Each structure stands twice: as structure tokens, then as C-alpha cells.
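Right, one structure below, let's go through it.
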Amino acid sequence: MFELKVKNRFAAAHNLTMVGEKCENLHGHNWNIEVCILGNELNQAGVLIDFGIIKKAVKKIIKTFDHKYLNEIKEFKNIQPSSEQIAIYIAKQLKIFLSNTDPNIKVSKVSAWESENACATYIP
Ligand SMILES: [Zn+2]
């Protein structure tokens, strides 16, 4: 079994209701995203998949969030734009991408770091 990890980042604003006083105010984060994918078989090049393919896919997914006010984008209509929900969204989009690219590769986890010390990880 092989696991590959790619990192990317985006900046955005959000506010969360019903969580805590501080989070209810409009504020921003520089989110660091870590995406892990899993697979058993290496291809003819001796890799699970080209890192560039995954990086490009993740970049395209998170472009949806970059420099946006997350509460106002359609992806978070009726959903709190928390780090947990960001991780789920990225995992689901990447799953769709992988099923069309290489069905033998699965998303193992997506982590959304909203600060140096706070991270939400979604494990599908
Ligand atoms: Zn926040």
C-alpha cells in the first residue's frame, strides 16, 4: 500500500454560528490543506500517480475557496464553512476526480489546517 500526500493553501474569510464567540465574528484564515491518497499498484513509471496530477486537481478544487467569503459561496449554502466541511468538500471533489482518472486510487484523508495549531481531518 502506498500513500501520497500533497499540500496546498488558500486564504479566505468565514464566520461560524453556534460555535464560540470568537468564531462568530467575520475573520480570515490561511488554510493549509493536506490531501492523502492511497493505492496498491504502481504504474509503469514506478509511481502510484504523478504528483503533478494530484497537485493540479487539488489546486483546481481549492480555487473555489481562494480569496472568497466562504459563507456566501454556493458550495456552503446551508452548510457552515468550517474546516471540517472544507475537508469534506475537498475529499468529495477529489474522489470524483480520481474515479475518472484512476479508480484504483482512493482518498485516504484530507486535513484542513486553519492555524498552526488547529486542524480538522476528514477520513472518508
Ligand atoms: Zn475561523
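A note on labels: chains of the C-alpha cells are A, B, ... as shown, every chain counts residues from 1, and ligands are counted from 1 in their shown order.
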
| query | What lies within 8 Å of segment 106-122 of chain A using only C-alpha atoms, ignoring chain neighbours under 2 positions off, as an NGL selection string? | reply | :A and (3 or 29-39 or 83-84 or 86-88 or 90-91 or 94-95 or 98 or 103-104 or 124)

Could you take the residues named above and write them with C-alpha atoms, as a PDB file, in the first residue's frame?
ATOM      1  CA  GLU A   3       0.112   6.769   0.424  1.00  0.00           C
ATOM      2  CA  HIS A  29      -7.503  32.142   7.759  1.00  0.00           C
ATOM      3  CA  ASN A  30      -4.666  30.992   5.602  1.00  0.00           C
ATOM      4  CA  TRP A  31      -5.764  27.380   5.334  1.00  0.00           C
ATOM      5  CA  ASN A  32      -3.132  24.739   4.705  1.00  0.00           C
ATOM      6  CA  ILE A  33      -4.616  21.721   3.022  1.00  0.00           C
ATOM      7  CA  GLU A  34      -3.069  18.266   3.105  1.00  0.00           C
ATOM      8  CA  VAL A  35      -4.509  15.616   0.879  1.00  0.00           C
ATOM      9  CA  CYS A  36      -3.570  11.929   1.181  1.00  0.00           C
ATOM     10  CA  ILE A  37      -4.388   9.301  -1.397  1.00  0.00           C
ATOM     11  CA  LEU A  38      -3.959   5.540  -1.198  1.00  0.00           C
ATOM     12  CA  GLY A  39      -3.346   2.799  -3.699  1.00  0.00           C
ATOM     13  CA  SER A  83     -12.548  23.469   8.455  1.00  0.00           C
ATOM     14  CA  GLU A  84     -14.348  20.115   8.791  1.00  0.00           C
ATOM     15  CA  ILE A  86     -13.885  22.312   3.823  1.00  0.00           C
ATOM     16  CA  ALA A  87     -12.080  18.981   4.256  1.00  0.00           C
ATOM     17  CA  ILE A  88     -15.232  17.026   3.312  1.00  0.00           C
ATOM     18  CA  ILE A  90     -12.236  18.688  -0.995  1.00  0.00           C
ATOM     19  CA  ALA A  91     -12.355  14.922  -0.328  1.00  0.00           C
ATOM     20  CA  LEU A  94     -11.107  14.653  -5.298  1.00  0.00           C
ATOM     21  CA  LYS A  95     -12.953  11.353  -5.129  1.00  0.00           C
ATOM     22  CA  LEU A  98      -9.890  10.070  -9.027  1.00  0.00           C
ATOM     23  CA  PRO A 103     -10.319   4.153  -9.957  1.00  0.00           C
ATOM     24  CA  ASN A 104      -7.679   2.133  -8.051  1.00  0.00           C
ATOM     25  CA  PRO A 124     -13.814   9.116   4.097  1.00  0.00           C
TER      26      PRO A 124
END

| message | Please return as a ChimeraX atom specification the residues found within 8 Å of ligand 1, counting only C-alpha atoms and all ligand atoms. | response | /A:13-16,23,27-29,82-83,114

Can you write just those residues out, C-alpha atoms, as a short mmCIF file (atom, residue, chain, number, x, y, z; two decimals), in the first residue's frame?
data_model
loop_
_atom_site.label_atom_id
_atom_site.label_comp_id
_atom_site.auth_asym_id
_atom_site.auth_seq_id
_atom_site.Cartn_x
_atom_site.Cartn_y
_atom_site.Cartn_z
CA ALA A 13 -12.85 34.55 5.23
CA HIS A 14 -15.71 32.99 7.13
CA ASN A 15 -17.78 33.24 10.25
CA LEU A 16 -19.37 30.38 12.11
CA CYS A 23 -15.68 32.35 15.60
CA HIS A 27 -12.41 36.63 10.23
CA GLY A 28 -9.92 35.05 7.87
CA HIS A 29 -7.50 32.14 7.76
CA SER A 82 -15.92 25.11 8.97
CA SER A 83 -12.55 23.47 8.45
CA GLU A 114 -6.84 26.73 9.85
#

| query | In segment 2-111 of chain A, what's strand (DSSP E) per DSSP? Answer as a PyMOL selection string? | reply | chain A and resi 2-14+27-39+106-111

Limited to C-alpha atoms, could you put the picked residues into a file as a PDB file, in the first residue's frame?
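To be explicit, this is the file written out as out_23.pdb:
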ATOM      1  CA  PHE A   2       1.272   3.452  -0.896  1.00  0.00           C
ATOM      2  CA  GLU A   3       0.112   6.769   0.424  1.00  0.00           C
ATOM      3  CA  LEU A   4       0.919  10.045  -1.285  1.00  0.00           C
ATOM      4  CA  LYS A   5       0.458  13.415   0.336  1.00  0.00           C
ATOM      5  CA  VAL A   6       0.236  16.796  -1.350  1.00  0.00           C
ATOM      6  CA  LYS A   7      -0.094  20.172   0.284  1.00  0.00           C
ATOM      7  CA  ASN A   8      -1.661  23.367  -0.888  1.00  0.00           C
ATOM      8  CA  ARG A   9      -3.068  26.519   0.653  1.00  0.00           C
ATOM      9  CA  PHE A  10      -5.674  29.168   0.229  1.00  0.00           C
ATOM     10  CA  ALA A  11      -6.797  32.307   2.003  1.00  0.00           C
ATOM     11  CA  ALA A  12     -10.443  33.022   2.751  1.00  0.00           C
ATOM     12  CA  ALA A  13     -12.847  34.552   5.228  1.00  0.00           C
ATOM     13  CA  HIS A  14     -15.706  32.992   7.131  1.00  0.00           C
ATOM     14  CA  HIS A  27     -12.408  36.627  10.233  1.00  0.00           C
ATOM     15  CA  GLY A  28      -9.922  35.049   7.871  1.00  0.00           C
ATOM     16  CA  HIS A  29      -7.503  32.142   7.759  1.00  0.00           C
ATOM     17  CA  ASN A  30      -4.666  30.992   5.602  1.00  0.00           C
ATOM     18  CA  TRP A  31      -5.764  27.380   5.334  1.00  0.00           C
ATOM     19  CA  ASN A  32      -3.132  24.739   4.705  1.00  0.00           C
ATOM     20  CA  ILE A  33      -4.616  21.721   3.022  1.00  0.00           C
ATOM     21  CA  GLU A  34      -3.069  18.266   3.105  1.00  0.00           C
ATOM     22  CA  VAL A  35      -4.509  15.616   0.879  1.00  0.00           C
ATOM     23  CA  CYS A  36      -3.570  11.929   1.181  1.00  0.00           C
ATOM     24  CA  ILE A  37      -4.388   9.301  -1.397  1.00  0.00           C
ATOM     25  CA  LEU A  38      -3.959   5.540  -1.198  1.00  0.00           C
ATOM     26  CA  GLY A  39      -3.346   2.799  -3.699  1.00  0.00           C
ATOM     27  CA  LYS A 106      -8.714   6.344  -3.104  1.00  0.00           C
ATOM     28  CA  VAL A 107      -8.751   9.440  -0.942  1.00  0.00           C
ATOM     29  CA  SER A 108      -7.425   8.370   2.465  1.00  0.00           C
ATOM     30  CA  LYS A 109      -7.757  11.684   4.273  1.00  0.00           C
ATOM     31  CA  VAL A 110      -7.966  15.418   3.850  1.00  0.00           C
ATOM     32  CA  SER A 111      -6.711  17.788   6.532  1.00  0.00           C
TER      33      SER A 111
END

| query | Out of segment 18-116 of chain A, which residues get helix (DSSP H, G or I) from DSSP, as a count of residues only? | reply | 41

| query | atom CA of Tyr69 of chain A and atom CA of Lys22 of chain A are how many Å apart? | reply |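 One can read the atom CA of Tyr69 of chain A to atom CA of Lys22 of chain A distance as 16.9 Å.
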